[in-house]
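Structure, as structure tokens:
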Amino acid sequence: MSGAVLVAIAATVGNLLQGWDNATIAGAVLYIKKEFNLEAAPTLEGLIVAMSLIGATIITTCSGPISDWLGRRPMMIISSICYFVSGFIMLWSPNVYVLLLARLLDGFGVGLAVTLIPLYISETAPTEIRGSLNTLPQFTGSAGMFLSYCTIFGMSLTDKPNWRLMLGIL
């Protein structure tokens with residue numbers, strides 16, 4: 001049973017990152033707006049925030065059949081790669097359009113994680129603890145939000161808050 005618990009904890013890192021991403025953009029968008037002069041472009045600002053959710057929605061619609069074909073673990077690895085690559089692209093983003101692409105890729109990672117991790121836990125956990133372990137994704141998502149808000153608050157207190165670093169930590 002302890003093996004199943006460790007597997008579930010390791011798997012829910014994706015949900016922690018999902019919570020982190022959802023909360024980080026709330027703080028980072030203030031500085032993104034200043035750097036890219038988006039005061040006159042509220043639609044573009046909204047698109048930057050929403051792009052992750054758009055990506056998650058797109059990938060979620062097809063993640064079930066693809067994970068049946070490829071397997072849950074390979075799809076969770078693909079989710080990790082999406083998170084990793086999108087974090088680097090957001091850290092580098094020279095313009096709004098590259099940032100939008102990175103947020104879309106991040107959304108693919110989010111969508112795969114929130115769809116597949118509870119499924120993976122359900123399939124690998126013993127029946128006696130399956131329900132308890134499936135509370136971990138929600139808990140780690142909330143923990144990711146909390147940690148992100150604390151980190152963004154701390155970064156906002158510096159002389160020059162860096163939104164790229166805020167998003168790139170992902």
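Residues in the structure tokens are named by chain (A, B, ... in the order shown) and by number from 1 within that chain; ligands are numbered from 1 in the order shown.
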
Proximity check range 72-113 of chain A to range 149-167 of chain A, 8 Å, nearest pairs one decimal Å, only C-alpha atoms, as a tab-separated table:
```
residue	atom	partner	partner_atom	distance
A:Gly87	CA	A:Leu167	CA	6.4
A:Met90	CA	A:Arg164	CA	6.1
A:Leu91	CA	A:Arg164	CA	4.5
A:Trp92	CA	A:Arg164	CA	7.0
A:Ser93	CA	A:Arg164	CA	7.6
```

Taking a cut-off of 9 Å and counting only C-alpha atoms, can you build a table that, for each residue of range 12-31 of chain A near range 49-60 of chain A, reports the nearest atom pair and how far apart they are in Å (one decimal), sorted by chain then residue number, as JSON lines?
```
{"residue": "A:Asp21", "atom": "CA", "partner": "A:Ser52", "partner_atom": "CA", "distance": 8.5}
{"residue": "A:Asn22", "atom": "CA", "partner": "A:Ser52", "partner_atom": "CA", "distance": 8.4}
{"residue": "A:Ile25", "atom": "CA", "partner": "A:Val49", "partner_atom": "CA", "distance": 6.4}
{"residue": "A:Ala26", "atom": "CA", "partner": "A:Val49", "partner_atom": "CA", "distance": 7.7}
{"residue": "A:Val29", "atom": "CA", "partner": "A:Val49", "partner_atom": "CA", "distance": 7.5}
```

What are the nearest atom pairs, with distances in Å to one decimal, for all residues of range 17-126 of chain A that come at most 7 Å from range 3-12 of chain A, using only C-alpha atoms, set out by chain and rising residue number as CSV?
```
residue,atom,partner,partner_atom,distance
A:Ile117,CA,A:Ala11,CA,6.2
A:Ile121,CA,A:Ala8,CA,5.7
A:Thr124,CA,A:Ala4,CA,6.8
A:Ala125,CA,A:Ala4,CA,5.4
```

Pull N, CA and C atoms from the residues just selected and write them as a short mmCIF file (atom, residue, chain, number, x, y, z; two decimals), in the first residue's frame.
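New file result_36.cif:
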```cif
data_model
loop_
_atom_site.label_atom_id
_atom_site.label_comp_id
_atom_site.auth_asym_id
_atom_site.auth_seq_id
_atom_site.Cartn_x
_atom_site.Cartn_y
_atom_site.Cartn_z
N ILE A 117 -4.25 12.24 -14.21
CA ILE A 117 -3.72 11.88 -12.90
C ILE A 117 -4.77 11.20 -12.02
N ILE A 121 -4.31 7.33 -10.77
CA ILE A 121 -4.38 6.94 -9.36
C ILE A 121 -5.46 5.88 -9.16
N THR A 124 -4.21 2.48 -10.36
CA THR A 124 -3.05 1.86 -9.70
C THR A 124 -3.25 1.64 -8.21
N ALA A 125 -4.21 2.30 -7.59
CA ALA A 125 -4.38 2.22 -6.14
C ALA A 125 -5.23 1.00 -5.74
#
```

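Of the listed residues A:Tyr83, A:Phe36, A:Phe139, A:Trp69, the one whose atoms come nearest to Ile169 in chain A is A:Tyr83, with distances taken using only C-alpha atoms.
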
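Closest approach to Ser80 in chain A from the set A:Val98, A:Ala23, A:Leu170, A:Leu119 is made by A:Leu170, with distances taken over only C-alpha atoms.
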
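Here CA of Ser148 in chain A stands at a distance of 5.7 Å from CA of Thr24 in chain A.
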
Could you check how far CA of Lys34 in chain A sits from CA of Gly46 in chain A, in Å to one decimal?
-> 14.1 Å

Taking the backbone alone, and naming residues the way the document does, which bits of chain A are alpha helix (DSSP H) by DSSP, as a PyMOL selection string?
-> chain A and resi 2-11+13-35+42-70+72-92+96-124+130-133+136-156+163-168

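Separating CA of Gly14 in chain A from CA of Ala113 in chain A is a distance of 5.3 Å.
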
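Look at Leu38 in chain A: the protein and nucleic acid residues within 12 Å of it, using only C-alpha atoms and passing over chain neighbours fewer than 5 places away, are Val29, Leu30, Tyr31, Ile32, Lys33, Thr43, Leu44, Glu45, Gly46, Leu47, Ile48, Asn95 and Val96 of chain A.
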
So which residues touch Phe84 in chain A within 9 Å, counting only C-alpha atoms, skipping near sequence neighbours fewer than 4 positions away, as a list in words?
-> Ser79, Ser80, Phe88, Ile89, Asp106, Gly109, Gly168 and Leu170 of chain A

For the residues selected in the previous step, produce a file with N, CA and C atoms as a PDB file, in the first residue's frame.
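File written: out.pdb
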```pdb
ATOM      1  N   SER A  79       2.789  15.361 -20.622  1.00  0.00           N
ATOM      2  CA  SER A  79       2.317  16.499 -19.823  1.00  0.00           C
ATOM      3  C   SER A  79       3.490  17.208 -19.152  1.00  0.00           C
ATOM      4  N   SER A  80       4.406  16.428 -18.575  1.00  0.00           N
ATOM      5  CA  SER A  80       5.585  17.002 -17.917  1.00  0.00           C
ATOM      6  C   SER A  80       6.453  17.764 -18.905  1.00  0.00           C
ATOM      7  N   PHE A  88      10.176  27.271 -19.957  1.00  0.00           N
ATOM      8  CA  PHE A  88      11.336  27.907 -20.576  1.00  0.00           C
ATOM      9  C   PHE A  88      10.936  28.951 -21.609  1.00  0.00           C
ATOM     10  N   ILE A  89       9.912  28.649 -22.384  1.00  0.00           N
ATOM     11  CA  ILE A  89       9.473  29.618 -23.397  1.00  0.00           C
ATOM     12  C   ILE A  89       8.916  30.873 -22.728  1.00  0.00           C
ATOM     13  N   ASP A 106       1.492  25.284 -22.218  1.00  0.00           N
ATOM     14  CA  ASP A 106       1.277  25.073 -20.786  1.00  0.00           C
ATOM     15  C   ASP A 106      -0.117  24.498 -20.547  1.00  0.00           C
ATOM     16  N   GLY A 109      -0.249  20.834 -21.039  1.00  0.00           N
ATOM     17  CA  GLY A 109       0.251  20.127 -19.861  1.00  0.00           C
ATOM     18  C   GLY A 109      -0.782  20.085 -18.753  1.00  0.00           C
ATOM     19  N   GLY A 168       8.274  31.416 -15.391  1.00  0.00           N
ATOM     20  CA  GLY A 168       9.303  30.434 -15.736  1.00  0.00           C
ATOM     21  C   GLY A 168       9.595  29.438 -14.643  1.00  0.00           C
ATOM     22  N   LEU A 170       7.664  27.656 -13.248  1.00  0.00           N
ATOM     23  CA  LEU A 170       6.821  26.492 -13.539  1.00  0.00           C
ATOM     24  C   LEU A 170       7.653  25.301 -13.950  1.00  0.00           C
TER      25      LEU A 170
END
```

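Distances to Ser63 in chain A were evaluated for A:Trp20, A:Leu116, A:Val110, A:Glu39 using only C-alpha atoms, and the minimum falls at A:Leu116.
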